[in-house]
>>> print(open('work19.cif').read())   # mmCIF, C-alpha atoms and all ligand atoms
data_start
loop_
_atom_site.label_atom_id
_atom_site.label_comp_id
_atom_site.auth_asym_id
_atom_site.auth_seq_id
_atom_site.Cartn_x
_atom_site.Cartn_y
_atom_site.Cartn_z
CA MET A 30 4.18 -28.14 -8.48
CA PRO A 31 6.17 -24.96 -9.11
CA ALA A 32 8.40 -23.91 -6.23
CA ILE A 33 8.45 -20.16 -5.66
CA ASN A 34 12.17 -19.82 -5.01
CA GLY A 35 14.16 -18.89 -8.13
CA ASN A 36 11.25 -19.16 -10.55
CA ARG A 37 9.30 -16.76 -12.74
CA PHE A 38 5.68 -15.84 -12.00
CA VAL A 39 3.06 -13.64 -13.63
CA VAL A 40 0.34 -11.91 -11.65
CA VAL A 41 -2.51 -10.91 -13.99
CA GLY A 42 -4.25 -8.02 -12.28
CA GLY A 43 -1.00 -7.21 -10.50
CA ALA A 44 -1.91 -3.61 -9.60
CA SER A 45 -4.86 -4.76 -7.48
CA LEU A 46 -5.27 -4.97 -3.73
CA LEU A 47 -4.48 -8.68 -3.84
CA GLY A 48 -2.11 -8.75 -6.83
CA SER A 49 0.23 -6.21 -5.25
CA ASN A 50 0.29 -8.22 -2.01
CA ILE A 51 1.01 -11.46 -3.90
CA GLY A 52 3.84 -9.62 -5.68
CA ARG A 53 5.33 -8.60 -2.33
CA ARG A 54 5.14 -12.17 -0.99
CA LEU A 55 6.68 -13.62 -4.15
CA LEU A 56 9.67 -11.29 -3.88
CA ASP A 57 10.04 -12.01 -0.15
CA ALA A 58 9.91 -15.75 -0.88
CA GLY A 59 12.81 -15.51 -3.35
CA ALA A 60 11.01 -15.65 -6.70
CA GLY A 61 13.49 -15.20 -9.55
CA GLU A 62 11.23 -12.93 -11.60
CA VAL A 63 7.82 -11.38 -10.99
CA ILE A 64 5.75 -9.78 -13.74
CA LEU A 65 2.81 -7.70 -12.55
CA MET A 66 0.46 -7.32 -15.50
CA ASP A 67 -2.52 -4.99 -15.36
CA ASN A 68 -4.40 -2.69 -17.73
CA LEU A 69 -5.12 -0.28 -14.84
CA ALA A 70 -8.86 -0.37 -15.61
CA LEU A 71 -9.45 -0.44 -11.85
CA GLY A 72 -6.09 -0.82 -10.13
CA SER A 73 -3.45 1.80 -9.56
CA ALA A 74 0.24 2.06 -10.43
CA SER A 75 0.85 3.42 -6.91
CA ALA A 76 0.04 -0.08 -5.57
CA VAL A 77 3.19 -1.44 -7.22
CA GLU A 78 5.59 1.50 -7.01
CA ASP A 79 7.56 -0.03 -4.11
CA LEU A 80 7.66 -3.47 -5.73
CA VAL A 81 9.18 -2.35 -9.02
CA THR A 82 12.20 -0.91 -7.22
CA ASP A 83 13.25 -4.58 -6.90
CA GLU A 84 15.09 -5.49 -10.10
CA ARG A 85 13.33 -8.90 -10.21
CA CYS A 86 9.95 -7.19 -10.55
CA THR A 87 8.44 -5.62 -13.68
CA PHE A 88 5.14 -3.85 -14.17
CA LEU A 89 3.64 -4.57 -17.58
CA ARG A 90 0.65 -2.63 -18.79
CA GLY A 91 -1.44 -5.20 -20.65
CA ASP A 92 -4.98 -6.39 -21.23
CA MET A 93 -5.89 -10.02 -20.54
CA LEU A 94 -8.77 -9.70 -22.99
CA ARG A 95 -6.19 -9.45 -25.76
CA MET A 96 -4.86 -12.99 -25.80
CA ASN A 97 -1.78 -12.03 -27.81
CA GLU A 98 -0.63 -9.81 -24.92
CA LEU A 99 -0.35 -12.85 -22.63
CA HIS A 100 2.05 -14.95 -24.73
CA ASP A 101 5.32 -13.13 -24.07
CA PRO A 102 4.86 -12.72 -20.31
CA PHE A 103 3.74 -16.36 -19.91
CA GLU A 104 6.72 -17.76 -21.83
CA GLY A 105 9.00 -19.45 -19.29
CA ALA A 106 6.63 -18.73 -16.38
CA SER A 107 6.37 -21.48 -13.77
CA GLY A 108 2.99 -20.23 -12.60
CA VAL A 109 0.32 -17.60 -13.17
CA PHE A 110 -1.87 -15.96 -10.54
CA ASN A 111 -5.08 -14.80 -12.19
CA VAL A 112 -6.22 -12.07 -9.83
CA ALA A 113 -7.90 -9.66 -12.30
CA GLY A 114 -11.63 -9.50 -11.92
CA PHE A 115 -14.61 -7.16 -11.59
CA LEU A 116 -16.23 -7.16 -8.14
CA GLY A 117 -19.98 -6.61 -7.62
CA GLY A 118 -19.80 -2.79 -7.68
CA PRO A 119 -17.75 -2.48 -10.90
CA MET A 120 -19.87 -5.31 -12.37
CA LEU A 121 -23.02 -3.28 -11.72
CA ALA A 122 -21.43 -0.19 -13.29
CA ASN A 123 -20.22 -2.05 -16.39
CA PRO A 124 -21.66 -5.57 -16.70
CA TRP A 125 -20.41 -6.10 -20.26
CA MET A 126 -16.81 -5.44 -19.32
CA GLY A 127 -17.18 -7.25 -15.99
CA LEU A 128 -18.43 -10.44 -17.61
CA ASP A 129 -15.74 -10.25 -20.29
CA VAL A 130 -12.97 -9.90 -17.71
CA ASN A 131 -14.33 -12.51 -15.29
CA VAL A 132 -15.09 -15.11 -17.99
CA ARG A 133 -13.17 -14.44 -21.20
CA GLY A 134 -10.23 -13.19 -19.18
CA ILE A 135 -9.65 -16.46 -17.29
CA GLN A 136 -10.34 -18.40 -20.48
CA ASN A 137 -7.54 -16.49 -22.24
CA VAL A 138 -5.22 -17.03 -19.28
CA LEU A 139 -5.87 -20.79 -19.25
CA GLU A 140 -5.44 -21.13 -23.00
CA VAL A 141 -2.14 -19.25 -23.13
CA ALA A 142 -0.95 -21.07 -19.98
CA ARG A 143 -1.62 -24.35 -21.79
CA VAL A 144 0.15 -23.27 -24.97
CA ARG A 145 3.16 -21.86 -23.13
CA GLY A 146 3.53 -24.82 -20.76
CA VAL A 147 2.87 -22.88 -17.53
CA GLY A 148 2.97 -25.24 -14.52
CA LYS A 149 -0.08 -24.02 -12.62
CA VAL A 150 -2.78 -21.32 -12.58
CA VAL A 151 -4.12 -20.00 -9.29
CA PHE A 152 -7.52 -18.40 -9.90
CA SER A 153 -9.08 -15.80 -7.63
CA SER A 154 -12.63 -16.99 -7.01
CA SER A 155 -15.02 -15.98 -4.25
CA ILE A 156 -17.38 -17.35 -1.63
CA GLY A 157 -19.91 -15.67 -3.94
CA VAL A 158 -20.03 -19.09 -5.67
CA TYR A 159 -22.36 -20.17 -2.81
CA GLY A 160 -24.71 -17.22 -3.29
CA ARG A 161 -26.78 -17.12 -0.10
CA ILE A 162 -24.90 -19.29 2.33
CA GLY A 163 -27.18 -21.85 3.94
CA ASP A 164 -24.97 -24.78 4.92
CA ASP A 165 -23.34 -24.57 8.32
CA PRO A 166 -20.41 -25.05 8.21
CA CYS A 167 -20.09 -23.83 4.63
CA THR A 168 -17.70 -26.31 2.98
CA GLU A 169 -16.60 -26.38 -0.65
CA ASN A 170 -19.50 -28.77 -1.40
CA ALA A 171 -22.20 -26.22 -0.55
CA PRO A 172 -24.58 -25.49 -3.48
CA PHE A 173 -25.12 -22.16 -5.24
CA ASP A 174 -28.32 -20.56 -3.97
CA TRP A 175 -28.98 -17.35 -5.84
CA ASN A 176 -32.58 -16.94 -4.80
CA GLY A 177 -32.95 -13.31 -3.73
CA LEU A 178 -29.45 -12.17 -4.77
CA GLY A 179 -29.35 -8.76 -6.42
CA PRO A 180 -28.24 -8.63 -10.07
CA ALA A 181 -24.69 -7.44 -9.28
CA LEU A 182 -23.99 -10.37 -6.97
CA ALA A 183 -25.82 -12.84 -9.22
CA LEU A 184 -23.69 -11.82 -12.21
CA TYR A 185 -20.49 -11.66 -10.18
CA SER A 186 -21.09 -15.03 -8.51
CA GLY A 187 -22.17 -16.67 -11.76
CA SER A 188 -19.05 -15.38 -13.52
CA LYS A 189 -16.81 -16.89 -10.82
CA ILE A 190 -18.60 -20.25 -11.17
CA VAL A 191 -17.93 -20.15 -14.91
CA GLY A 192 -14.29 -19.25 -14.22
CA GLU A 193 -13.92 -22.25 -11.92
CA GLY A 194 -15.64 -24.46 -14.50
CA LEU A 195 -13.09 -23.38 -17.11
CA CYS A 196 -10.25 -24.21 -14.70
CA GLN A 197 -11.74 -27.70 -14.20
CA LEU A 198 -12.10 -28.14 -17.94
CA TYR A 199 -8.46 -27.28 -18.66
CA HIS A 200 -7.38 -29.56 -15.83
CA ARG A 201 -9.36 -32.52 -17.16
CA GLN A 202 -8.74 -32.00 -20.86
CA HIS A 203 -5.16 -30.76 -20.80
CA GLY A 204 -3.79 -31.69 -17.37
CA LEU A 205 -3.23 -28.02 -16.43
CA ALA A 206 -2.90 -27.83 -12.63
CA TYR A 207 -5.02 -25.18 -10.91
CA ALA A 208 -6.33 -23.92 -7.62
CA ALA A 209 -9.52 -21.87 -7.37
CA LEU A 210 -9.39 -19.86 -4.16
CA ARG A 211 -12.75 -18.76 -2.81
CA TYR A 212 -12.10 -15.66 -0.73
CA SER A 213 -14.41 -14.05 1.76
CA ASN A 214 -13.99 -10.25 2.21
CA LEU A 215 -10.41 -9.04 1.71
CA TYR A 216 -8.95 -6.12 3.62
CA GLY A 217 -5.52 -4.69 4.34
CA GLU A 218 -2.67 -2.77 2.76
CA ASN A 219 -3.54 -1.26 -0.66
CA GLN A 220 -7.23 -1.30 0.29
CA HIS A 221 -9.61 0.11 -2.32
CA LYS A 222 -13.25 1.13 -2.33
CA ARG A 223 -14.58 -1.38 -4.84
CA ALA A 224 -15.91 -3.97 -2.36
CA ILE A 225 -18.97 -2.91 -0.42
CA ASP A 226 -18.10 -4.28 3.04
CA ALA A 227 -14.47 -3.12 3.03
CA THR A 228 -15.62 0.28 1.75
CA ARG A 229 -17.79 0.64 4.85
CA ILE A 230 -14.64 0.16 6.94
CA VAL A 231 -12.69 2.78 4.98
CA ASN A 232 -15.62 5.20 5.25
CA ALA A 233 -15.72 4.60 9.00
CA TRP A 234 -11.96 5.28 9.23
CA GLU A 235 -12.41 8.54 7.26
CA ARG A 236 -15.05 9.72 9.69
CA ILE A 237 -13.02 8.74 12.74
CA ARG A 238 -10.00 10.67 11.44
CA ALA A 239 -12.30 13.66 10.81
CA GLY A 240 -13.39 13.46 14.47
CA GLN A 241 -16.86 12.14 13.60
CA SER A 242 -18.63 9.03 14.85
CA PRO A 243 -18.35 6.04 12.47
CA VAL A 244 -21.68 5.16 10.89
CA ILE A 245 -23.23 1.71 11.23
CA GLU A 246 -26.03 1.01 8.77
CA GLY A 247 -28.80 -1.09 10.33
CA ASP A 248 -28.23 -2.52 13.81
CA GLY A 249 -24.70 -3.76 13.05
CA THR A 250 -25.50 -7.42 13.74
CA ASN A 251 -25.08 -8.40 10.08
CA VAL A 252 -22.00 -10.63 9.93
CA THR A 253 -19.26 -10.94 7.35
CA ASP A 254 -16.08 -12.96 7.19
CA PHE A 255 -13.12 -10.59 6.78
CA VAL A 256 -9.79 -12.16 5.89
CA TYR A 257 -6.52 -10.23 6.07
CA ILE A 258 -4.83 -9.66 2.71
CA GLY A 259 -1.44 -10.98 3.86
CA ASP A 260 -3.07 -14.30 4.81
CA VAL A 261 -4.70 -14.46 1.37
CA ALA A 262 -1.47 -13.66 -0.48
CA ARG A 263 0.23 -16.43 1.53
CA ALA A 264 -2.59 -18.82 0.56
CA ASN A 265 -1.93 -18.02 -3.11
CA LEU A 266 1.74 -18.98 -2.81
CA MET A 267 0.92 -22.14 -0.86
CA ALA A 268 -1.70 -23.11 -3.45
CA MET A 269 0.86 -22.57 -6.21
CA GLU A 270 3.35 -24.89 -4.52
CA ALA A 271 0.85 -27.57 -3.42
CA ASP A 272 0.55 -30.89 -5.25
CA ALA A 273 -3.19 -30.51 -5.51
CA SER A 274 -5.80 -29.08 -7.87
CA GLY A 275 -9.24 -27.99 -6.76
CA ALA A 276 -11.29 -25.31 -5.00
CA TYR A 277 -10.58 -23.99 -1.50
CA ASN A 278 -12.29 -21.59 0.85
CA ILE A 279 -9.82 -18.91 1.93
CA ALA A 280 -11.45 -17.07 4.80
CA SER A 281 -10.92 -16.21 8.44
CA GLY A 282 -13.50 -18.85 9.37
CA ARG A 283 -14.81 -16.38 11.92
CA ASP A 284 -18.09 -14.49 11.62
CA THR A 285 -17.60 -10.87 12.59
CA SER A 286 -20.50 -8.48 13.04
CA PHE A 287 -20.18 -4.90 11.82
CA ASN A 288 -20.47 -3.82 15.44
CA GLU A 289 -17.35 -5.87 16.24
CA LEU A 290 -15.52 -4.57 13.17
CA VAL A 291 -16.16 -0.96 14.10
CA ALA A 292 -15.11 -1.64 17.70
CA ALA A 293 -11.80 -3.12 16.43
CA LEU A 294 -11.37 -0.15 14.08
CA LEU A 295 -11.98 2.42 16.82
CA LYS A 296 -9.46 0.62 19.02
CA ALA A 297 -6.89 0.52 16.19
CA CYS A 298 -7.43 4.26 15.67
CA GLY A 299 -7.01 4.91 19.39
CA SER A 300 -10.38 6.68 19.32
CA GLU A 301 -12.92 7.19 22.14
CA LEU A 302 -15.75 7.89 19.65
CA THR A 303 -18.89 5.75 19.65
CA PRO A 304 -20.78 4.55 16.54
CA GLU A 305 -23.81 6.30 15.09
CA TYR A 306 -26.62 4.01 13.85
CA ARG A 307 -28.49 4.82 10.61
CA ALA A 308 -30.94 3.07 8.26
CA ASP A 309 -29.25 0.79 5.69
CA ASP A 310 -29.55 2.33 2.21
CA ALA A 311 -26.74 0.46 0.45
CA LYS A 312 -27.23 0.21 -3.29
CA VAL A 313 -25.54 -3.21 -3.73
CA ALA A 314 -26.75 -4.61 -0.42
CA ASN A 315 -25.64 -8.10 0.47
CA PRO A 316 -28.45 -10.24 1.88
CA VAL A 317 -28.66 -9.73 5.66
CA VAL A 318 -26.93 -12.63 7.39
CA THR A 319 -26.26 -13.40 11.00
CA ARG A 320 -24.40 -16.67 10.47
CA LEU A 321 -21.88 -17.67 7.75
CA GLY A 322 -19.63 -20.36 9.22
CA ILE A 323 -17.13 -20.59 6.34
CA SER A 324 -15.07 -23.75 6.74
CA VAL A 325 -11.33 -23.55 5.96
CA GLU A 326 -10.66 -27.20 6.83
CA LYS A 327 -9.96 -28.25 3.23
CA ALA A 328 -7.32 -25.53 2.77
CA LYS A 329 -5.77 -26.61 6.07
CA ALA A 330 -5.66 -30.27 5.07
CA GLU A 331 -4.57 -29.95 1.42
CA LEU A 332 -2.60 -26.70 1.29
CA GLY A 333 -1.38 -26.53 4.88
CA TRP A 334 -2.88 -23.01 5.09
CA SER A 335 -4.78 -21.40 7.89
CA PRO A 336 -5.37 -17.71 8.68
CA GLN A 337 -2.89 -16.15 11.12
CA VAL A 338 -3.93 -12.50 11.51
CA ASP A 339 -7.06 -11.87 13.55
CA ILE A 340 -9.41 -8.92 13.06
CA GLU A 341 -7.85 -6.79 15.84
CA GLU A 342 -4.32 -7.12 14.43
CA GLY A 343 -5.61 -6.81 10.86
CA MET A 344 -7.41 -3.55 11.68
CA ARG A 345 -4.22 -2.19 13.26
CA ARG A 346 -2.35 -2.92 10.01
CA LEU A 347 -5.11 -1.44 7.84
CA VAL A 348 -5.23 1.73 9.94
CA ALA A 349 -1.43 2.04 9.85
CA TRP A 350 -1.54 1.82 6.04
CA LEU A 351 -4.48 4.25 5.70
CA ASP A 352 -2.80 6.75 8.03
CA ALA A 353 0.43 6.52 6.01
CA GLU A 354 -1.48 7.07 2.76
CA ARG A 355 -3.17 10.06 4.30
CA ALA A 356 0.19 11.49 5.30
CA LYS A 357 1.21 11.21 1.62
CA GLY A 358 -2.00 13.02 0.62
CA ARG A 359 -3.44 9.87 -1.04
CA ALA A 360 -6.26 8.86 1.34
N1 LIG A 401 -11.82 -7.68 -2.66
C1 LIG A 401 -12.56 -8.66 -2.15
O1 LIG A 401 -13.12 -8.53 -1.04
C2 LIG A 401 -12.71 -9.97 -2.89
C3 LIG A 401 -13.51 -10.98 -2.32
C4 LIG A 401 -13.64 -12.20 -3.01
C5 LIG A 401 -13.00 -12.38 -4.23
N2 LIG A 401 -12.25 -11.37 -4.76
C6 LIG A 401 -11.59 -11.60 -6.07
O2 LIG A 401 -10.20 -11.48 -5.87
C7 LIG A 401 -9.60 -10.82 -6.98
C8 LIG A 401 -8.79 -9.66 -6.47
O3 LIG A 401 -9.63 -8.74 -5.78
P1 LIG A 401 -9.11 -7.26 -5.54
O4 LIG A 401 -10.02 -6.65 -4.56
O5 LIG A 401 -7.65 -7.28 -5.28
O6 LIG A 401 -9.41 -6.67 -6.98
P2 LIG A 401 -9.19 -5.21 -7.55
O7 LIG A 401 -10.52 -4.63 -7.91
O8 LIG A 401 -8.26 -4.45 -6.65
O9 LIG A 401 -8.35 -5.53 -8.85
C9 LIG A 401 -8.76 -6.08 -10.02
C10 LIG A 401 -7.60 -5.76 -10.97
O10 LIG A 401 -7.85 -6.33 -12.24
C11 LIG A 401 -7.38 -5.38 -13.20
N3 LIG A 401 -8.00 -5.65 -14.48
C12 LIG A 401 -9.31 -5.46 -14.81
N4 LIG A 401 -9.49 -5.78 -16.10
C13 LIG A 401 -8.28 -6.19 -16.57
C14 LIG A 401 -7.85 -6.64 -17.87
N5 LIG A 401 -8.69 -6.74 -18.91
N6 LIG A 401 -6.54 -6.97 -18.02
C15 LIG A 401 -5.67 -6.87 -16.98
N7 LIG A 401 -6.05 -6.44 -15.74
C16 LIG A 401 -7.34 -6.11 -15.55
C17 LIG A 401 -7.77 -4.04 -12.60
O11 LIG A 401 -7.11 -2.93 -13.16
C18 LIG A 401 -7.41 -4.25 -11.13
O12 LIG A 401 -6.08 -3.89 -10.84
C19 LIG A 401 -10.72 -10.47 -7.94
O13 LIG A 401 -10.77 -11.45 -8.95
C20 LIG A 401 -11.96 -10.52 -7.08
O14 LIG A 401 -13.09 -10.88 -7.82
C21 LIG A 401 -12.07 -10.19 -4.11
#
>>> encode(input="work19.cif", output="structure tokens", more="lines below")
Ligand SMILES: NC(=O)c1ccc[n+]([C@@H]2O[C@H](COP(=O)([O-])OP(=O)(O)OC[C@H]3O[C@@H](n4cnc5c(N)ncnc54)[C@H](O)[C@@H]3O)[C@@H](O)[C@H]2O)c1
Amino acid sequence: MPAINGNRFVVVGGASLLGSNIGRRLLDAGAGEVILMDNLALGSASAVEDLVTDERCTFLRGDMLRMNELHDPFEGASGVFNVAGFLGGPMLANPWMGLDVNVRGIQNVLEVARVRGVGKVVFSSSIGVYGRIGDDPCTENAPFDWNGLGPALALYSGSKIVGEGLCQLYHRQHGLAYAALRYSNLYGENQHKRAIDATRIVNAWERIRAGQSPVIEGDGTNVTDFVYIGDVARANLMAMEADASGAYNIASGRDTSFNELVAALLKACGSELTPEYRADDAKVANPVVTRLGISVEKAKAELGWSPQVDIEEGMRRLVAWLDAERAKGRA
């Protein structure tokens, strides 16, 4: 499978939280050329401003829904990272566009990758493909249970299942290698406010820096699995290089309650404040869960990947980035 060193890669959705971090890793790993393609529908050019100072890296404004715009960048590419996607919040705001991007977008990427002889496609999927997680531990064989999911998550999760199905189809019919990476909640440098759980963290940071208690909606025992963005970017590169095709959970494998998250955040901020508890009135509420148990054993065995940055260290890095953005007047 394509080695990173010396080769050319395209990141579709390159101005995203994840795409920009994959771009950084690719450059650090010695990629010969990195093209960050994005139509800036959601992402921001500021996420890639440091990267494009490297002469191997180009930002290309382009739309994956226009298949013709993918041909030139994919020509001669060893691999493509398809990161572009609409999360639950943007999906709720614009379901037509969200479904187009999450379904037609990956279909275009796979088709042009096939035509242009790209070696492998790494697709950004989600643990949303399980819907309500029931199996413990939650392996890649767990079924999709969408009973009780709100429409945003049902549409988002369904669109990722279709995306994975298209990857499987191209693999079987045309031999195109792929990896579908099912992420839990991403957080870290270049954090945005498009994912509901990570947004709660950024909101809590804003309050702490304003000298106010961070707010916890509900009793804070609801758990999530937060995985640090650098670990996820590393997983993308390892999946690109691995001699394997298939789907992999990419998560911390550790359930973290919101109470624990806020405690880690307060510590990272060096704050003595204590949380304030309020009723949960989230508009795109995830189902309340107290146990997830995401298994990352398959990624360990087949990709050699496991998470390295724990929540305490990850929060320190997120706070350092948020504080720096604030100093630049951008957060
Ligand atoms: N953020 C999370 O917690 C999370 C969790 C699980 C899975 N994921 C998946 O991982 C991927 C990356 O997440 P993220 O948070 O970095 O996303 P993001 O919202 O930061 O970025 C999505 C990017 O796609 C771009 N885009 C949208 N439509 C496009 C089009 N037609 N052509 C080209 N670019 C287009 C946007 O401008 C944006 O830069 C997504 O596919 C998402 O569904 C994210």
>>> residues_around(input="work19.cif", residues="Pro172 in chain A", least_positions_apart="3", cutoff="9 Å", atoms="only C-alpha atoms", output="ChimeraX atom specification")
/A:158-160,162-164,169
>>> closest_atom_pairs(input="work19.cif", of="chain A", to="ligand LIG 401 (chain A)", cutoff="7 Å", atoms="only C-alpha atoms and all ligand atoms", output="CSV")
residue,atom,partner,partner_atom,distance
A:Val41,CA,A:LIG401,C15,5.9
A:Gly42,CA,A:LIG401,O10,4.0
A:Gly43,CA,A:LIG401,O12,6.1
A:Ala44,CA,A:LIG401,O12,4.4
A:Ser45,CA,A:LIG401,O8,3.5
A:Leu46,CA,A:LIG401,O5,3.7
A:Leu47,CA,A:LIG401,O5,3.8
A:Gly48,CA,A:LIG401,O5,5.9
A:Met66,CA,A:LIG401,C15,6.3
A:Asp67,CA,A:LIG401,N7,3.8
A:Asn68,CA,A:LIG401,C15,4.4
A:Leu69,CA,A:LIG401,O11,3.7
A:Ala70,CA,A:LIG401,O11,4.0
A:Leu71,CA,A:LIG401,O11,3.7
A:Gly72,CA,A:LIG401,O12,3.2
A:Ser73,CA,A:LIG401,O12,6.4
A:Gly91,CA,A:LIG401,C15,5.8
A:Asp92,CA,A:LIG401,N6,3.6
A:Met93,CA,A:LIG401,N6,4.0
A:Leu94,CA,A:LIG401,N5,5.0
A:Val112,CA,A:LIG401,C7,4.6
A:Ala113,CA,A:LIG401,O10,3.3
A:Gly114,CA,A:LIG401,O13,3.7
A:Phe115,CA,A:LIG401,O14,5.5
A:Leu116,CA,A:LIG401,O14,4.9
A:Val130,CA,A:LIG401,N5,5.5
A:Gly134,CA,A:LIG401,N5,6.6
A:Ser153,CA,A:LIG401,O2,4.8
A:Ser154,CA,A:LIG401,C5,5.4
A:Ser155,CA,A:LIG401,C5,4.1
A:Ile156,CA,A:LIG401,C4,6.5
A:Arg211,CA,A:LIG401,C5,6.5
A:Tyr212,CA,A:LIG401,C4,4.4
A:Ser213,CA,A:LIG401,C4,5.2
A:Asn214,CA,A:LIG401,O1,3.8
A:Leu215,CA,A:LIG401,O1,3.9
A:Tyr216,CA,A:LIG401,O1,6.7
A:His221,CA,A:LIG401,O8,6.4
A:Arg223,CA,A:LIG401,O7,6.0
A:Ala224,CA,A:LIG401,O1,5.5
A:Ala227,CA,A:LIG401,O1,6.9
>>> residues_around(input="work19.cif", residues="Glu104 in chain A", least_positions_apart="3", cutoff="10 Å", atoms="only C-alpha atoms", output="ChimeraX atom specification")
/A:37,39,99-101,107,141-142,144-147
>>> write_last_selection(input="work19.cif", atoms="C-alpha atoms", output="PDB file, keeping the file's coordinate frame")
ATOM      1  CA  ARG A  37       9.300 -16.760 -12.740  1.00  0.00           C
ATOM      2  CA  VAL A  39       3.060 -13.640 -13.630  1.00  0.00           C
ATOM      3  CA  LEU A  99      -0.350 -12.850 -22.630  1.00  0.00           C
ATOM      4  CA  HIS A 100       2.050 -14.950 -24.730  1.00  0.00           C
ATOM      5  CA  ASP A 101       5.320 -13.130 -24.070  1.00  0.00           C
ATOM      6  CA  SER A 107       6.370 -21.480 -13.770  1.00  0.00           C
ATOM      7  CA  VAL A 141      -2.140 -19.250 -23.130  1.00  0.00           C
ATOM      8  CA  ALA A 142      -0.950 -21.070 -19.980  1.00  0.00           C
ATOM      9  CA  VAL A 144       0.150 -23.270 -24.970  1.00  0.00           C
ATOM     10  CA  ARG A 145       3.160 -21.860 -23.130  1.00  0.00           C
ATOM     11  CA  GLY A 146       3.530 -24.820 -20.760  1.00  0.00           C
ATOM     12  CA  VAL A 147       2.870 -22.880 -17.530  1.00  0.00           C
TER      13      VAL A 147
END
>>> closest_residue(input="work19.cif", among="A:Glu342, A:Gly249, A:Val256, A:Ala276", to="Arg307 in chain A", atoms="only C-alpha atoms")
A:Gly249
>>> closest_residue(input="work19.cif", among="A:Val138, A:Val252, A:Ala356, A:Leu198", to="Arg320 in chain A", atoms="only C-alpha atoms")
A:Val252
>>> residues_around(input="work19.cif", residues="Arg263 in chain A", least_positions_apart="3", cutoff="9 Å", atoms="all atoms listed in the file", output="list of chain:residue names")
A:Asn50, A:Ile51, A:Arg54, A:Ile258, A:Gly259, A:Asp260, A:Leu266, A:Met267, A:Ala268, A:Trp334
>>> decode(input="work19.cif", residues="range 45-60 of chain A", atoms="N, CA and C atoms", output="PDB file, in the first residue's frame")
ATOM      1  N   SER A  45     -10.442  21.223   7.198  1.00  0.00           N
ATOM      2  CA  SER A  45     -11.220  20.822   8.374  1.00  0.00           C
ATOM      3  C   SER A  45     -10.333  20.641   9.589  1.00  0.00           C
ATOM      4  N   LEU A  46     -10.978  20.418  10.725  1.00  0.00           N
ATOM      5  CA  LEU A  46     -10.261  20.027  11.945  1.00  0.00           C
ATOM      6  C   LEU A  46      -9.331  18.854  11.644  1.00  0.00           C
ATOM      7  N   LEU A  47      -9.882  17.777  11.104  1.00  0.00           N
ATOM      8  CA  LEU A  47      -9.064  16.589  10.865  1.00  0.00           C
ATOM      9  C   LEU A  47      -8.160  16.743   9.650  1.00  0.00           C
ATOM     10  N   GLY A  48      -8.702  17.288   8.551  1.00  0.00           N
ATOM     11  CA  GLY A  48      -7.904  17.389   7.321  1.00  0.00           C
ATOM     12  C   GLY A  48      -6.624  18.183   7.534  1.00  0.00           C
ATOM     13  N   SER A  49      -6.723  19.275   8.282  1.00  0.00           N
ATOM     14  CA  SER A  49      -5.525  20.100   8.518  1.00  0.00           C
ATOM     15  C   SER A  49      -4.507  19.322   9.353  1.00  0.00           C
ATOM     16  N   ASN A  50      -4.985  18.514  10.293  1.00  0.00           N
ATOM     17  CA  ASN A  50      -4.063  17.720  11.119  1.00  0.00           C
ATOM     18  C   ASN A  50      -3.450  16.560  10.328  1.00  0.00           C
ATOM     19  N   ILE A  51      -4.204  15.992   9.388  1.00  0.00           N
ATOM     20  CA  ILE A  51      -3.615  14.972   8.500  1.00  0.00           C
ATOM     21  C   ILE A  51      -2.544  15.627   7.629  1.00  0.00           C
ATOM     22  N   GLY A  52      -2.848  16.830   7.122  1.00  0.00           N
ATOM     23  CA  GLY A  52      -1.866  17.549   6.300  1.00  0.00           C
ATOM     24  C   GLY A  52      -0.561  17.752   7.051  1.00  0.00           C
ATOM     25  N   ARG A  53      -0.655  18.159   8.302  1.00  0.00           N
ATOM     26  CA  ARG A  53       0.545  18.378   9.122  1.00  0.00           C
ATOM     27  C   ARG A  53       1.343  17.083   9.258  1.00  0.00           C
ATOM     28  N   ARG A  54       0.659  15.994   9.565  1.00  0.00           N
ATOM     29  CA  ARG A  54       1.332  14.683   9.730  1.00  0.00           C
ATOM     30  C   ARG A  54       1.992  14.224   8.442  1.00  0.00           C
ATOM     31  N   LEU A  55       1.287  14.441   7.305  1.00  0.00           N
ATOM     32  CA  LEU A  55       1.849  14.008   6.021  1.00  0.00           C
ATOM     33  C   LEU A  55       3.164  14.742   5.747  1.00  0.00           C
ATOM     34  N   LEU A  56       3.167  16.040   6.005  1.00  0.00           N
ATOM     35  CA  LEU A  56       4.393  16.815   5.769  1.00  0.00           C
ATOM     36  C   LEU A  56       5.496  16.344   6.710  1.00  0.00           C
ATOM     37  N   ASP A  57       5.143  16.142   7.979  1.00  0.00           N
ATOM     38  CA  ASP A  57       6.140  15.687   8.960  1.00  0.00           C
ATOM     39  C   ASP A  57       6.686  14.302   8.598  1.00  0.00           C
ATOM     40  N   ALA A  58       5.856  13.490   7.943  1.00  0.00           N
ATOM     41  CA  ALA A  58       6.274  12.120   7.599  1.00  0.00           C
ATOM     42  C   ALA A  58       7.007  12.062   6.257  1.00  0.00           C
ATOM     43  N   GLY A  59       7.241  13.229   5.641  1.00  0.00           N
ATOM     44  CA  GLY A  59       8.067  13.252   4.427  1.00  0.00           C
ATOM     45  C   GLY A  59       7.308  13.063   3.133  1.00  0.00           C
ATOM     46  N   ALA A  60       5.988  13.321   3.134  1.00  0.00           N
ATOM     47  CA  ALA A  60       5.241  13.227   1.871  1.00  0.00           C
ATOM     48  C   ALA A  60       5.871  14.159   0.839  1.00  0.00           C
TER      49      ALA A  60
END
